[in-house]
Amino acid sequence: MGITNAEVAQRFREVADLLEIEGANPFRIRAYRNAARTIEEWPAPVEVLAREGPEALDAIPGVGADLAGKIVELARTGRLAALGRLEREVPPGVAVLMRVPGIGPRRARLLHERLGVRSLAQLERAATTGRVRGLPGFGPRTEAQVLEALRAHRTTEHRVLRPVAAQHGERLLEALQALPAVRACELAGSFRRGRDTVGDLDFVASTDDGAAVIDAFCRLPEVSAVLARGTTRATIRLRAGLQADLRTLAPASYGAALHYFTGSKAHNIALRRLAQRRGLKLNEYGLFQGTRRLAGRTEAEVYRALGLPFIPPELREDQGELEAARGRTLPHLVTLEDIRGDLQAHTTDSDGRDTLDAMARAAEARGYDYLAVTDHTTAVRVAGGLDRAGFRAQARRIERLNARLTKLTVLAGAEIDIAADGTLDLDDDTLARLDVVLVTFHSKFTLPARDQTRRLVRAVSHPRTMILGHPTGRLIGRRAPAAYDFATVCRACADHGVALEIDAQPERMDLEDARAREALAAGVRLVISSDAHSAAELDFMRWGVTQARRAWAEPAQVLNTLGLARLTKALAR
């Protein structure tokens, strides 16, 4: 197993941060950042292409000859000379400061030069003692925001986005499942429950030879250090920094152990109490009556022995799932196979990296019935959005494209920016011509809650609005959800027939699961969209479906499980 896409992306981001501190050419910095995002999301291992040489990497958008050469260097040596040079030139610790939201290169340099700050701990001490507010461009309010950002950073700094964890975890899982001594193996923990972020990787294996499996696990090429090792369990640290734990058990206990190590802790405690009330004992080895094992070979066997149907891992948060199981009212959760199309995607007409035709071909290859092309409006300047004439010209191209397609229908749509006062960044006549009208906000995230609520209620009350996209504006680990009265916005969506989106971009996962469940309870339907900016990103749908499952969503509650005719009718209210 060579270097992963996530590791290449991380190195490129480190280069971009250091170049930014040095004040390098902005286009060069942006090239590294764009390439990092593309590589991290690329569906195939780039190190496989790198083995063939730089020319083989031409297929990856935004990767020119220079960056292709660096990917080859990383794949062959595991190191990047350019990164080493920058690390020697930039004062140690300055780049670390840029991990805190709101601190860019200029502020990081200022903190280092004026206050000698070179770590997050030193930054927190400086802000706590009131020294940060005296620097040019800071002040008391900024100092308070720095402290708040540091607190938020501490809760997420040791966690990675679930798709990044998947790159490491799923490769390790394949390696473990291929071992002759392994009968069955699964990736458990918060990853299996579908959490947005993952702290470490938990593997559970069924085997009659635990020592052999542990030995193979500790020798995997991805391992940088063995932190603990026994005959039935081991903990390793991967080259990428993630910690991974393996627990091996006999086949008779495998299901009980998989349940135990999947969690959550609250769900496990609630289930153990249920067992205790029946005079039984439940642990990682099985369900026991005295010394007699009643169940443990599979998870379903454990639940069945307790008089319950199988509870999907995504629901195991002690949020009413046991009560629903007892009452036989567990939801029939939406699956990836239920999805008939994608209702947010971008092309090179705005900030996408693939053409309209390429996006259509990729959607058709995935078996979709439809794809909504929703390029940005002009208010989102960095996205190079379209104006009235641009959308009308694109709609004509879509019409010609649909005449050539046999299985897929491309829907003419737009991602329309919501102004601070709630008005939409496109005229009503053009909105009326679109098949899909998705409204979103990209600025003014810190408006007072009352004003933000009014803004969103006005936007979803517009008679042409169909979907409120990435409804809270959060970026995991970088930007908190905008503060507003979510219940009031949900009521407005329900009143006007507007769906709320689960945006499956890994750093968004917006709506978060608890709010998506609240929206469903209010009678609002969901849309799961990839928000793809390239053909490869259409695969993000996987992550959005998992988020919807955590929200207890059934297929009937998700608009893009409908066929085209029913979808069109639903969008038109």
# chains A, B, ... in the order shown; residues from 1 in each chain; ligands from 1
call {"tool": "select_by_dssp", "arguments": {"residues": "segment 364-565 of chain A", "states": "helix (DSSP H, G or I)", "output": "VMD selection string"}}
result
chain A and resid 364 to 365 381 to 383 388 to 404 428 to 432 449 to 461 486 to 496 513 to 521 536 to 550 555 to 557 559 to 561 564 to 565
call {"tool": "closest_atom_pairs", "arguments": {"of": "segment 454-500 of chain A", "to": "segment 406-420 of chain A", "cutoff": "9 Å", "atoms": "only C-alpha atoms", "output": "CSV"}}
result
residue,atom,partner,partner_atom,distance
A:Arg455,CA,A:Ala420,CA,6.3
A:Leu456,CA,A:Ile418,CA,7.9
A:Ala459,CA,A:Ile418,CA,6.7
A:Gly469,CA,A:Glu415,CA,8.1
call {"tool": "write_last_selection", "arguments": {"atoms": "all heavy atoms", "output": "PDB file, in the first residue's frame"}}
result
ATOM      1  N   ARG A 455     -34.078  36.558   6.848  1.00  0.00           N
ATOM      2  CA  ARG A 455     -33.433  36.399   5.539  1.00  0.00           C
ATOM      3  C   ARG A 455     -33.838  35.076   4.885  1.00  0.00           C
ATOM      4  O   ARG A 455     -34.250  35.045   3.719  1.00  0.00           O
ATOM      5  CB  ARG A 455     -31.912  36.458   5.737  1.00  0.00           C
ATOM      6  CG  ARG A 455     -31.083  36.175   4.508  1.00  0.00           C
ATOM      7  CD  ARG A 455     -29.621  35.976   4.910  1.00  0.00           C
ATOM      8  NE  ARG A 455     -28.714  36.041   3.776  1.00  0.00           N
ATOM      9  CZ  ARG A 455     -27.391  35.870   3.866  1.00  0.00           C
ATOM     10  NH1 ARG A 455     -26.836  35.646   5.046  1.00  0.00           N
ATOM     11  NH2 ARG A 455     -26.630  35.946   2.782  1.00  0.00           N
ATOM     12  N   LEU A 456     -33.734  33.974   5.645  1.00  0.00           N
ATOM     13  CA  LEU A 456     -34.005  32.665   5.078  1.00  0.00           C
ATOM     14  C   LEU A 456     -35.494  32.429   4.863  1.00  0.00           C
ATOM     15  O   LEU A 456     -35.899  31.814   3.868  1.00  0.00           O
ATOM     16  CB  LEU A 456     -33.407  31.579   5.973  1.00  0.00           C
ATOM     17  CG  LEU A 456     -31.877  31.608   6.085  1.00  0.00           C
ATOM     18  CD1 LEU A 456     -31.376  30.514   7.000  1.00  0.00           C
ATOM     19  CD2 LEU A 456     -31.234  31.476   4.711  1.00  0.00           C
ATOM     20  N   ALA A 459     -36.402  34.073   1.680  1.00  0.00           N
ATOM     21  CA  ALA A 459     -35.881  33.347   0.520  1.00  0.00           C
ATOM     22  C   ALA A 459     -36.731  32.124   0.198  1.00  0.00           C
ATOM     23  O   ALA A 459     -37.066  31.870  -0.965  1.00  0.00           O
ATOM     24  CB  ALA A 459     -34.436  32.940   0.767  1.00  0.00           C
ATOM     25  N   GLY A 469     -30.474  25.062  -0.166  1.00  0.00           N
ATOM     26  CA  GLY A 469     -29.249  24.273  -0.193  1.00  0.00           C
ATOM     27  C   GLY A 469     -28.321  24.578   0.968  1.00  0.00           C
ATOM     28  O   GLY A 469     -28.356  25.676   1.521  1.00  0.00           O
TER      29      GLY A 469
END
call {"tool": "closest_residue", "arguments": {"among": "A:Ser224, A:Thr378, A:Ser253, A:Thr4", "to": "Ala165 of chain A", "atoms": "only C-alpha atoms"}}
result
A:Thr4
call {"tool": "select_by_dssp", "arguments": {"residues": "segment 257-287 of chain A", "states": "strand (DSSP E or B)", "output": "ChimeraX atom specification"}}
result
/A:281-283,286-287
call {"tool": "write_last_selection", "arguments": {"atoms": "N, CA and C atoms", "output": "PDB file, in the first residue's frame"}}
result
ATOM      1  N   LYS A 281     -26.747 -11.042  30.732  1.00  0.00           N
ATOM      2  CA  LYS A 281     -25.537 -10.217  30.710  1.00  0.00           C
ATOM      3  C   LYS A 281     -25.067 -10.080  29.267  1.00  0.00           C
ATOM      4  N   LEU A 282     -24.844  -8.829  28.836  1.00  0.00           N
ATOM      5  CA  LEU A 282     -24.393  -8.557  27.473  1.00  0.00           C
ATOM      6  C   LEU A 282     -23.025  -7.882  27.533  1.00  0.00           C
ATOM      7  N   ASN A 283     -22.060  -8.452  26.822  1.00  0.00           N
ATOM      8  CA  ASN A 283     -20.741  -7.828  26.706  1.00  0.00           C
ATOM      9  C   ASN A 283     -20.171  -8.128  25.329  1.00  0.00           C
ATOM     10  N   GLY A 286     -20.687 -11.822  24.031  1.00  0.00           N
ATOM     11  CA  GLY A 286     -21.979 -12.400  23.721  1.00  0.00           C
ATOM     12  C   GLY A 286     -23.049 -12.017  24.727  1.00  0.00           C
ATOM     13  N   LEU A 287     -24.231 -12.590  24.544  1.00  0.00           N
ATOM     14  CA  LEU A 287     -25.349 -12.428  25.470  1.00  0.00           C
ATOM     15  C   LEU A 287     -25.441 -13.723  26.281  1.00  0.00           C
TER      16      LEU A 287
END
call {"tool": "residues_around", "arguments": {"residues": "Glu174 of chain A", "least_positions_apart": "4", "cutoff": "10 Å", "atoms": "only C-alpha atoms", "output": "list in words"}}
result
Gly169, Glu170, Ala178, Leu179, Cys185 and Glu186 of chain A
call {"tool": "closest_residue", "arguments": {"among": "A:Thr207, A:Gln243, A:Gln344, A:Gln452", "to": "Leu438 of chain A", "atoms": "only C-alpha atoms"}}
result
A:Gln344
call {"tool": "residues_around", "arguments": {"residues": "Ala553 of chain A", "least_positions_apart": "5", "cutoff": "9 Å", "atoms": "only C-alpha atoms", "output": "list of chain:residue names"}}
result
A:Pro331, A:His332, A:Leu333, A:Val334, A:Ala516, A:Arg517, A:Leu520, A:Leu526, A:Gln547, A:Ala548, A:Val558
call {"tool": "residues_around", "arguments": {"residues": "Leu242 of chain A", "least_positions_apart": "6", "cutoff": "9 Å", "atoms": "only C-alpha atoms", "output": "JSON, numbers by chain"}}
result
{"A": [158, 159, 160, 165, 168, 199, 200, 201, 236]}
call {"tool": "closest_residue", "arguments": {"among": "A:Ile214, A:Val437, A:Ala68, A:Leu426", "to": "Asp387 of chain A", "atoms": "only C-alpha atoms"}}
result
A:Leu426
call {"tool": "atom_distance", "arguments": {"atom1": "atom CA of Leu161 of chain A", "atom2": "atom CA of Glu41 of chain A"}}
result
11.7 Å
call {"tool": "decode", "arguments": {"residues": "segment 394-410 of chain A", "atoms": "all heavy atoms", "output": "short mmCIF file (atom, residue, chain, number, x, y, z; two decimals), in the first residue's frame"}}
result
data_model
loop_
_atom_site.label_atom_id
_atom_site.label_comp_id
_atom_site.auth_asym_id
_atom_site.auth_seq_id
_atom_site.Cartn_x
_atom_site.Cartn_y
_atom_site.Cartn_z
N GLN A 394 -27.19 28.56 -21.38
CA GLN A 394 -26.91 27.21 -20.88
C GLN A 394 -28.14 26.32 -21.05
O GLN A 394 -28.02 25.14 -21.41
CB GLN A 394 -26.50 27.26 -19.41
CG GLN A 394 -26.06 25.91 -18.86
CD GLN A 394 -25.77 25.94 -17.38
OE1 GLN A 394 -26.69 26.10 -16.57
NE2 GLN A 394 -24.50 25.80 -17.01
N ALA A 395 -29.32 26.86 -20.80
CA ALA A 395 -30.55 26.08 -20.96
C ALA A 395 -30.72 25.60 -22.39
O ALA A 395 -31.17 24.47 -22.64
CB ALA A 395 -31.76 26.91 -20.53
N ARG A 396 -30.33 26.43 -23.36
CA ARG A 396 -30.42 26.01 -24.77
C ARG A 396 -29.43 24.87 -25.05
O ARG A 396 -29.75 23.92 -25.78
CB ARG A 396 -30.16 27.20 -25.69
CG ARG A 396 -31.28 28.25 -25.67
CD ARG A 396 -31.14 29.27 -26.79
NE ARG A 396 -29.97 30.13 -26.62
CZ ARG A 396 -29.97 31.28 -25.93
NH1 ARG A 396 -31.09 31.68 -25.33
NH2 ARG A 396 -28.89 32.02 -25.84
N ARG A 397 -28.25 24.95 -24.46
CA ARG A 397 -27.27 23.87 -24.63
C ARG A 397 -27.76 22.59 -23.98
O ARG A 397 -27.55 21.49 -24.50
CB ARG A 397 -25.92 24.30 -24.04
CG ARG A 397 -25.20 25.35 -24.87
CD ARG A 397 -24.05 26.00 -24.12
NE ARG A 397 -23.18 25.03 -23.49
CZ ARG A 397 -22.62 25.19 -22.28
NH1 ARG A 397 -22.88 26.29 -21.58
NH2 ARG A 397 -21.83 24.29 -21.80
N ILE A 398 -28.41 22.73 -22.82
CA ILE A 398 -28.96 21.55 -22.14
C ILE A 398 -30.05 20.91 -22.99
O ILE A 398 -30.13 19.67 -23.10
CB ILE A 398 -29.50 21.95 -20.75
CG1 ILE A 398 -28.32 22.25 -19.80
CG2 ILE A 398 -30.40 20.86 -20.17
CD1 ILE A 398 -28.72 22.82 -18.46
N GLU A 399 -30.86 21.73 -23.63
CA GLU A 399 -31.92 21.19 -24.49
C GLU A 399 -31.33 20.39 -25.64
O GLU A 399 -31.81 19.30 -25.97
CB GLU A 399 -32.77 22.36 -25.02
CG GLU A 399 -34.01 21.92 -25.76
CD GLU A 399 -34.88 23.08 -26.19
OE1 GLU A 399 -34.62 24.22 -25.73
OE2 GLU A 399 -35.82 22.86 -26.96
N ARG A 400 -30.25 20.91 -26.24
CA ARG A 400 -29.60 20.18 -27.34
C ARG A 400 -28.95 18.89 -26.82
O ARG A 400 -28.98 17.85 -27.50
CB ARG A 400 -28.56 21.07 -28.02
CG ARG A 400 -29.17 22.25 -28.80
CD ARG A 400 -28.15 22.90 -29.72
NE ARG A 400 -27.06 23.53 -28.98
CZ ARG A 400 -27.07 24.79 -28.54
NH1 ARG A 400 -28.14 25.56 -28.76
NH2 ARG A 400 -26.04 25.29 -27.90
N LEU A 401 -28.36 18.97 -25.64
CA LEU A 401 -27.73 17.79 -25.05
C LEU A 401 -28.76 16.71 -24.76
O LEU A 401 -28.53 15.52 -25.05
CB LEU A 401 -26.99 18.19 -23.77
CG LEU A 401 -26.35 17.06 -22.95
CD1 LEU A 401 -25.31 16.30 -23.78
CD2 LEU A 401 -25.70 17.63 -21.69
N ASN A 402 -29.90 17.09 -24.20
CA ASN A 402 -30.95 16.11 -23.90
C ASN A 402 -31.45 15.40 -25.15
O ASN A 402 -31.86 14.23 -25.10
CB ASN A 402 -32.12 16.79 -23.19
CG ASN A 402 -31.84 17.01 -21.70
OD1 ASN A 402 -31.08 16.26 -21.09
ND2 ASN A 402 -32.44 18.04 -21.13
N ALA A 403 -31.41 16.08 -26.27
CA ALA A 403 -31.84 15.46 -27.52
C ALA A 403 -30.90 14.32 -27.93
O ALA A 403 -31.31 13.40 -28.66
CB ALA A 403 -31.90 16.51 -28.63
N ARG A 404 -29.64 14.37 -27.43
CA ARG A 404 -28.67 13.33 -27.77
C ARG A 404 -28.63 12.20 -26.73
O ARG A 404 -28.22 11.10 -27.03
CB ARG A 404 -27.26 13.92 -27.87
CG ARG A 404 -27.11 15.02 -28.91
CD ARG A 404 -25.66 15.27 -29.26
NE ARG A 404 -24.82 15.54 -28.11
CZ ARG A 404 -24.60 16.76 -27.60
NH1 ARG A 404 -25.19 17.82 -28.16
NH2 ARG A 404 -23.81 16.93 -26.56
N LEU A 405 -29.06 12.50 -25.50
CA LEU A 405 -28.99 11.51 -24.43
C LEU A 405 -30.14 10.51 -24.54
O LEU A 405 -31.24 10.87 -24.95
CB LEU A 405 -29.04 12.20 -23.07
CG LEU A 405 -27.85 13.11 -22.73
CD1 LEU A 405 -28.13 13.90 -21.47
CD2 LEU A 405 -26.57 12.29 -22.57
N THR A 406 -29.88 9.26 -24.16
CA THR A 406 -30.91 8.24 -24.28
C THR A 406 -31.51 7.84 -22.93
O THR A 406 -32.68 7.47 -22.86
CB THR A 406 -30.33 6.98 -24.95
OG1 THR A 406 -29.20 6.53 -24.19
CG2 THR A 406 -29.91 7.28 -26.38
N LYS A 407 -30.72 7.90 -21.86
CA LYS A 407 -31.19 7.44 -20.55
C LYS A 407 -31.32 8.56 -19.53
O LYS A 407 -32.17 8.50 -18.65
CB LYS A 407 -30.25 6.37 -20.00
CG LYS A 407 -30.17 5.13 -20.87
CD LYS A 407 -29.17 4.13 -20.30
CE LYS A 407 -29.06 2.89 -21.18
NZ LYS A 407 -28.04 1.93 -20.66
N LEU A 408 -30.49 9.56 -19.62
CA LEU A 408 -30.44 10.64 -18.64
C LEU A 408 -31.13 11.89 -19.15
O LEU A 408 -31.06 12.20 -20.34
CB LEU A 408 -28.97 10.97 -18.31
CG LEU A 408 -28.74 12.09 -17.30
CD1 LEU A 408 -28.81 11.54 -15.88
CD2 LEU A 408 -27.38 12.76 -17.53
N THR A 409 -31.78 12.61 -18.24
CA THR A 409 -32.31 13.94 -18.56
C THR A 409 -31.55 14.95 -17.71
O THR A 409 -31.48 14.82 -16.48
CB THR A 409 -33.81 14.04 -18.24
OG1 THR A 409 -34.52 13.11 -19.06
CG2 THR A 409 -34.33 15.45 -18.49
N VAL A 410 -30.97 15.95 -18.36
CA VAL A 410 -30.29 17.03 -17.64
C VAL A 410 -31.32 18.12 -17.37
O VAL A 410 -32.02 18.57 -18.28
CB VAL A 410 -29.11 17.59 -18.45
CG1 VAL A 410 -28.46 18.76 -17.70
CG2 VAL A 410 -28.08 16.50 -18.72
#
